[in-house]
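Each remark here refers to the structure printed beneath this line.
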Amino acid sequence: MNTTVALILMLAVGTYALRLVGPALHGRVELPARVQELLSAGAVVLLVALLATGALTEDGGFAGWARPAGVLAGGVLAMGVPPLGRGRKWGKGAPFAVVVLGAATVTGVLRAMGVA
Amino acid sequence: MGVSFGAIAVAGGLPVWVPVVMSLVVYAGSAQFSAVGVLLAGGGPLAAAATGLLLNTRNAAFSLAVAGLLGPGRATRLLGAHLVTDETVAFALAQPDPARRRAAFWISGIGLFAAWNTGVLVGALAGRALGDTADYGLDAAFPAVLVALVLPALRENARLRGPAALGVVLALAATPFVPAGVPVLLALAGLGLYGYGRKGAAG
């Protein structure tokens, strides 16, 4: 039990310290607009990489087809109806909950059908 | 997702308070999953904490990106830092102006904190009764959430697409060879393609 408490403490303190990096530096160091722009871009790049690895990989290997298929379905829902002809605008995109439920449903149904 | 974390931890043999307390004080989903995974696999607390912290290094970059939204007071900064997660940062950055970004950060931050911890408690209490959450396709939910959140930014700012695509390639290529958490950090090298300061490329 003591080892579990030690793990939780290490993880909690370490994680909070990492999260304090931003607020601690903010206001002390004046970041140029370009750097701030780059930081925002960096966050998007991180999130996209996170969703790609989260959708496609599991324990260092391929996660199987069911999960990326579900994520793809969620992505299509989020994009809205795809344009059918040239010059057509992309649709507005489904509500957030529909995207998430759609992704989970597609993955769940594929698994029930025997697709890993 | 909180439900599945609570359920997985308890089903693996941990007492109910472990996932509940961990979620309150660590509050980082992927790091908690991996730390508990390492612990349940017999990896020991040090390896478990190291794995979790490696996954959380991205929060340092995220907290820099949203630092301006956390102030002005010291207390709100200290509290807001704890709410920095993939989702709150994505929600905030999806908004067009600073006032909305601040509102999105705090609303999503408090809402997600409440939802995540309630879910963990429910999952821990339900324990094994729930069965394998992968059966319900819940593992597709988290990436799908991120897709929905980053799409507006990628649509609006064309200059983000190249760096994001390169980042994905780097992260996926590295995944089999490096510990969990490192691939997404390598993705930051994709920023090398980001031509900041150039105007007119958006669309």
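Going through the structure tokens in order, the chains are called A, B, and so on, while each chain numbers its residues from 1 and the ligands are numbered from 1 in the order shown.
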
Open item on the list: I'd like the contact shell of Ala73 of chain A - 7 Å cut-off, only C-alpha atoms, skipping same-chain residues fewer than 4 positions apart - returned as a list in words.
Closed with: Ala69, Leu77, Gly102 and Ala103 of chain A

Include N, CA and C atoms and write out the residues we just selected as a short mmCIF file (atom, residue, chain, number, x, y, z; two decimals), in the first residue's frame.
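Resulting contents of out.cif:
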```cif
data_model
loop_
_atom_site.label_atom_id
_atom_site.label_comp_id
_atom_site.auth_asym_id
_atom_site.auth_seq_id
_atom_site.Cartn_x
_atom_site.Cartn_y
_atom_site.Cartn_z
N ALA A 69 -11.34 3.23 -37.35
CA ALA A 69 -12.57 3.37 -38.14
C ALA A 69 -13.57 4.23 -37.38
N LEU A 77 -18.22 13.07 -39.04
CA LEU A 77 -19.34 13.75 -38.39
C LEU A 77 -18.95 15.17 -38.00
N GLY A 102 -20.89 8.72 -31.97
CA GLY A 102 -20.77 8.09 -33.27
C GLY A 102 -19.49 7.28 -33.36
N ALA A 103 -18.37 7.87 -32.89
CA ALA A 103 -17.09 7.17 -32.93
C ALA A 103 -17.14 5.90 -32.09
#
```

Extract, using only C-alpha atoms, all DNA, RNA and protein residues at most 6 Å from segment 39-51 of chain A, discarding same-chain residues fewer than 2 positions from it, and format them as an mmCIF file with C-alpha atoms, in the first residue's frame.
```cif
data_model
loop_
_atom_site.group_PDB
_atom_site.id
_atom_site.type_symbol
_atom_site.label_atom_id
_atom_site.label_comp_id
_atom_site.auth_asym_id
_atom_site.auth_seq_id
_atom_site.Cartn_x
_atom_site.Cartn_y
_atom_site.Cartn_z
ATOM 1 C CA GLN A 36 3.354 32.878 -28.602
ATOM 2 C CA GLU A 37 2.029 32.038 -32.040
ATOM 3 C CA THR A 53 -1.191 7.848 -31.974
ATOM 4 C CA GLY A 54 -4.280 7.385 -29.789
ATOM 5 C CA ALA A 55 -6.372 6.296 -32.765
ATOM 6 C CA PHE B 62 0.195 23.229 -22.937
ATOM 7 C CA ALA B 65 0.100 28.005 -24.467
ATOM 8 C CA PRO B 143 -9.204 10.493 -30.228
ATOM 9 C CA LEU B 146 -9.509 15.586 -30.163
ATOM 10 C CA ALA B 164 0.617 18.789 -37.948
ATOM 11 C CA GLY B 167 4.230 15.674 -36.522
ATOM 12 C CA VAL B 168 1.826 12.772 -37.047
ATOM 13 C CA VAL B 184 3.946 13.193 -29.307
#
```

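Nearest residue to Ala61 of chain B among B:Ala104, B:Leu185, B:Ser30, B:Gly13 is B:Leu185, counting only C-alpha atoms.
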
Task: Spatial neighbours of Gly192 of chain B, max dist 8 Å, only C-alpha atoms, sep filter under 3 positions, as a ChimeraX atom specification - done: /B:163,189,195

Using only C-alpha atoms, what does the table of chain B residues within 6 Å of chain A look like, with each row giving the shortest atom pair and its distance in Å to one decimal, sorted by chain and ascending number, as JSON lines?
```
{"residue": "B:Met22", "atom": "CA", "partner": "A:Ile8", "partner_atom": "CA", "distance": 5.9}
{"residue": "B:Val25", "atom": "CA", "partner": "A:Ala12", "partner_atom": "CA", "distance": 5.5}
{"residue": "B:Val26", "atom": "CA", "partner": "A:Ala12", "partner_atom": "CA", "distance": 4.2}
{"residue": "B:Pro45", "atom": "CA", "partner": "A:Leu7", "partner_atom": "CA", "distance": 5.0}
{"residue": "B:Ala49", "atom": "CA", "partner": "A:Leu11", "partner_atom": "CA", "distance": 5.3}
{"residue": "B:Asn59", "atom": "CA", "partner": "A:Arg19", "partner_atom": "CA", "distance": 5.5}
{"residue": "B:Ala60", "atom": "CA", "partner": "A:Leu18", "partner_atom": "CA", "distance": 4.8}
{"residue": "B:Phe62", "atom": "CA", "partner": "A:Ala43", "partner_atom": "CA", "distance": 6.0}
{"residue": "B:Ser63", "atom": "CA", "partner": "A:Gly22", "partner_atom": "CA", "distance": 4.4}
{"residue": "B:Leu64", "atom": "CA", "partner": "A:Gly22", "partner_atom": "CA", "distance": 3.7}
{"residue": "B:Ala65", "atom": "CA", "partner": "A:Ser40", "partner_atom": "CA", "distance": 5.4}
{"residue": "B:Ala67", "atom": "CA", "partner": "A:Pro23", "partner_atom": "CA", "distance": 5.0}
{"residue": "B:Ala81", "atom": "CA", "partner": "A:Arg19", "partner_atom": "CA", "distance": 5.4}
{"residue": "B:Asp135", "atom": "CA", "partner": "A:Gly108", "partner_atom": "CA", "distance": 5.5}
{"residue": "B:Tyr136", "atom": "CA", "partner": "A:Gly108", "partner_atom": "CA", "distance": 4.6}
{"residue": "B:Gly137", "atom": "CA", "partner": "A:Gly108", "partner_atom": "CA", "distance": 4.1}
{"residue": "B:Leu138", "atom": "CA", "partner": "A:Ala104", "partner_atom": "CA", "distance": 5.2}
{"residue": "B:Ala140", "atom": "CA", "partner": "A:Arg67", "partner_atom": "CA", "distance": 5.2}
{"residue": "B:Ala141", "atom": "CA", "partner": "A:Val100", "partner_atom": "CA", "distance": 5.2}
{"residue": "B:Pro143", "atom": "CA", "partner": "A:Leu51", "partner_atom": "CA", "distance": 4.5}
{"residue": "B:Ala144", "atom": "CA", "partner": "A:Val71", "partner_atom": "CA", "distance": 5.0}
{"residue": "B:Leu146", "atom": "CA", "partner": "A:Leu51", "partner_atom": "CA", "distance": 6.0}
{"residue": "B:Val147", "atom": "CA", "partner": "A:Gly75", "partner_atom": "CA", "distance": 5.9}
{"residue": "B:Ala148", "atom": "CA", "partner": "A:Ala78", "partner_atom": "CA", "distance": 5.4}
{"residue": "B:Ala164", "atom": "CA", "partner": "A:Val45", "partner_atom": "CA", "distance": 4.7}
{"residue": "B:Gly167", "atom": "CA", "partner": "A:Ala49", "partner_atom": "CA", "distance": 6.0}
{"residue": "B:Val168", "atom": "CA", "partner": "A:Ala49", "partner_atom": "CA", "distance": 4.7}
{"residue": "B:Thr175", "atom": "CA", "partner": "A:Gly60", "partner_atom": "CA", "distance": 5.4}
{"residue": "B:Pro176", "atom": "CA", "partner": "A:Gly60", "partner_atom": "CA", "distance": 4.4}
{"residue": "B:Val184", "atom": "CA", "partner": "A:Ala49", "partner_atom": "CA", "distance": 5.5}
```

Selection from above, C-alpha atoms, as a PDB file, in the first residue's frame, can you write it?
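Result went into selection11.pdb, see below:
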```pdb
ATOM      1  CA  MET B  22      -5.261   9.530  -7.916  1.00  0.00           C
ATOM      2  CA  VAL B  25      -4.642  14.885  -7.224  1.00  0.00           C
ATOM      3  CA  VAL B  26      -2.990  13.790 -10.486  1.00  0.00           C
ATOM      4  CA  PRO B  45       5.924   2.513  -8.450  1.00  0.00           C
ATOM      5  CA  ALA B  49       5.459   7.295 -11.981  1.00  0.00           C
ATOM      6  CA  ASN B  59       1.356  19.631 -20.090  1.00  0.00           C
ATOM      7  CA  ALA B  60       4.341  21.958 -19.659  1.00  0.00           C
ATOM      8  CA  PHE B  62       0.195  23.229 -22.937  1.00  0.00           C
ATOM      9  CA  SER B  63       0.412  25.353 -19.801  1.00  0.00           C
ATOM     10  CA  LEU B  64       2.665  27.795 -21.678  1.00  0.00           C
ATOM     11  CA  ALA B  65       0.100  28.005 -24.467  1.00  0.00           C
ATOM     12  CA  ALA B  67      -0.789  30.738 -19.375  1.00  0.00           C
ATOM     13  CA  ALA B  81      -2.729  25.062 -13.663  1.00  0.00           C
ATOM     14  CA  ASP B 135     -16.610  -3.609 -26.081  1.00  0.00           C
ATOM     15  CA  TYR B 136     -18.475  -0.305 -26.113  1.00  0.00           C
ATOM     16  CA  GLY B 137     -15.843   1.324 -28.318  1.00  0.00           C
ATOM     17  CA  LEU B 138     -14.974   3.859 -25.609  1.00  0.00           C
ATOM     18  CA  ALA B 140     -12.330   5.593 -29.867  1.00  0.00           C
ATOM     19  CA  ALA B 141     -13.990   8.389 -27.884  1.00  0.00           C
ATOM     20  CA  PRO B 143      -9.204  10.493 -30.228  1.00  0.00           C
ATOM     21  CA  ALA B 144     -12.611  11.498 -31.636  1.00  0.00           C
ATOM     22  CA  LEU B 146      -9.509  15.586 -30.163  1.00  0.00           C
ATOM     23  CA  VAL B 147     -10.501  15.401 -33.847  1.00  0.00           C
ATOM     24  CA  ALA B 148     -13.564  17.525 -33.170  1.00  0.00           C
ATOM     25  CA  ALA B 164       0.617  18.789 -37.948  1.00  0.00           C
ATOM     26  CA  GLY B 167       4.230  15.674 -36.522  1.00  0.00           C
ATOM     27  CA  VAL B 168       1.826  12.772 -37.047  1.00  0.00           C
ATOM     28  CA  THR B 175       5.878   4.801 -31.508  1.00  0.00           C
ATOM     29  CA  PRO B 176       7.274   1.220 -31.736  1.00  0.00           C
ATOM     30  CA  VAL B 184       3.946  13.193 -29.307  1.00  0.00           C
TER      31      VAL B 184
END
```

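Here atom CA of Thr76 of chain B stands at a distance of 10.1 Å from atom CA of Trp106 of chain B.
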
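Pairwise distance (atom CA of Leu125 of chain B, atom CA of Ile8 of chain B) equals 11.0 Å.
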
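Our summary of the geometry notes that atom CA of Gly68 of chain B is positioned 20.3 Å from atom CA of Phe113 of chain B.
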
TODO: Can you pull out every residue within 9 Å of Gly127 of chain B, counting only C-alpha atoms, but drop anything in the same chain fewer than 6 positions away, and send it as a VMD selection string?
DONE: chain B and resid 6 to 11 16

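Comparing B:Ala187, B:Ala31, B:Leu14, B:Leu54 by their smallest distance to Leu172 of chain B, the closest is B:Ala187 (using only C-alpha atoms).
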
TODO: Would you list, as a ChimeraX atom specification, the residues of chain A that end up in strand (DSSP E) under DSSP run on this structure's backbone?
DONE: /A:57-58,61-62
